[in-house]
Amino acid sequence: SRQSHVAFSEDGHRWGPLIPILEIHEWLWRLTWHNGKAYGAAYKFSNPHKITEEWEINFYESEDGLHFHQLAKWEIPGWPNEST
């Protein structure tokens, strides 16, 4: 299965464990932090066994990088991905 994970580091050399976030088959791509909150877009497969189908893309916000809530579902046809 495909699932996004996060890990944290205080020095960039030693890292904590990988922690799963969001739903299975939903990929969060490149978070941007602004005013103490993380923002990012995640694309999702409705049928992970047939990735040629169109994907969903959702916009998320988090205060801690672990717990996310959806701000928007973008209606973009095709395969939107790797958003910054």
# chains A, B, ... in the order shown; residues from 1 in each chain; ligands from 1
>>> residues_around(residues="A:His25", least_positions_apart="6", cutoff="6 Å", atoms="only C-alpha atoms", output="list in words")
Arg2, Gln3, Lys44 and Phe45 of chain A
>>> write_last_selection(atoms="N, CA, C and O atoms", output="compact mmCIF listing (two decimals), in the first residue's frame")
# COMPACT_ATOMS: atom_id res chain seq x y z
N ARG A 2 0.29 2.35 -0.34
CA ARG A 2 0.99 3.63 -0.34
C ARG A 2 0.38 4.49 0.75
O ARG A 2 -0.83 4.64 0.82
N GLN A 3 1.23 5.07 1.57
CA GLN A 3 0.75 5.96 2.61
C GLN A 3 1.85 6.95 2.97
O GLN A 3 3.02 6.58 3.04
N LYS A 44 -4.66 11.47 -4.21
CA LYS A 44 -5.22 10.21 -3.72
C LYS A 44 -5.77 9.40 -4.88
O LYS A 44 -6.44 9.92 -5.76
N PHE A 45 -5.49 8.10 -4.83
CA PHE A 45 -6.03 7.16 -5.80
C PHE A 45 -7.36 6.64 -5.29
O PHE A 45 -7.44 6.18 -4.15
>>> residues_around(residues="stretch 30-42 of chain A", least_positions_apart="2", cutoff="8 Å", atoms="only C-alpha atoms", output="number ranges by chain")
A: 26-28, 44, 57-65, 81-84
>>> write_last_selection(atoms="C-alpha atoms", output="PDB file, in the first residue's frame")
ATOM      1  CA  GLU A  26      -3.059   9.354  -0.144  1.00  0.00           C
ATOM      2  CA  TRP A  27       0.306  11.008  -0.790  1.00  0.00           C
ATOM      3  CA  LEU A  28       1.080  14.310   0.887  1.00  0.00           C
ATOM      4  CA  LYS A  44      -5.218  10.208  -3.723  1.00  0.00           C
ATOM      5  CA  ILE A  57      -6.253  16.295  -4.846  1.00  0.00           C
ATOM      6  CA  ASN A  58      -6.915  17.803  -1.419  1.00  0.00           C
ATOM      7  CA  PHE A  59      -5.334  20.727   0.431  1.00  0.00           C
ATOM      8  CA  TYR A  60      -4.441  20.216   4.110  1.00  0.00           C
ATOM      9  CA  GLU A  61      -3.335  22.206   7.153  1.00  0.00           C
ATOM     10  CA  SER A  62      -1.589  21.025  10.333  1.00  0.00           C
ATOM     11  CA  GLU A  63      -0.319  22.660  13.502  1.00  0.00           C
ATOM     12  CA  ASP A  64       2.011  19.811  14.462  1.00  0.00           C
ATOM     13  CA  GLY A  65       2.875  17.959  11.227  1.00  0.00           C
ATOM     14  CA  ASN A  81       0.559  15.776  -8.234  1.00  0.00           C
ATOM     15  CA  GLU A  82       3.823  17.044  -6.717  1.00  0.00           C
ATOM     16  CA  SER A  83       2.380  20.425  -5.741  1.00  0.00           C
ATOM     17  CA  THR A  84       4.274  23.062  -3.801  1.00  0.00           C
TER      18      THR A  84
END
>>> closest_residue(among="A:Ile21, A:Leu71, A:Leu66, A:Ile76", to="A:Phe8", atoms="only C-alpha atoms")
A:Leu66
>>> select_by_dssp(residues="chain A", states="strand (DSSP E or B)", output="JSON, numbers by chain")
{"A": [5, 6, 19, 20, 26, 27, 28, 29, 30, 31, 32, 33, 34, 37, 38, 39, 40, 41, 42, 43, 44, 45, 55, 56, 57, 58, 59, 60, 61, 62, 68, 69, 70, 71, 72, 73, 74]}
>>> closest_residue(among="A:Tyr43, A:Pro20, A:Trp15, A:Trp79", to="A:His67", atoms="only C-alpha atoms")
A:Pro20
>>> residues_around(residues="A:Leu18", least_positions_apart="3", cutoff="6 Å", atoms="only C-alpha atoms", output="PyMOL selection string")
chain A and resi 5-7
>>> atom_distance(atom1="atom CA of A:Ser4", atom2="atom CA of A:Pro80")
16.5 Å
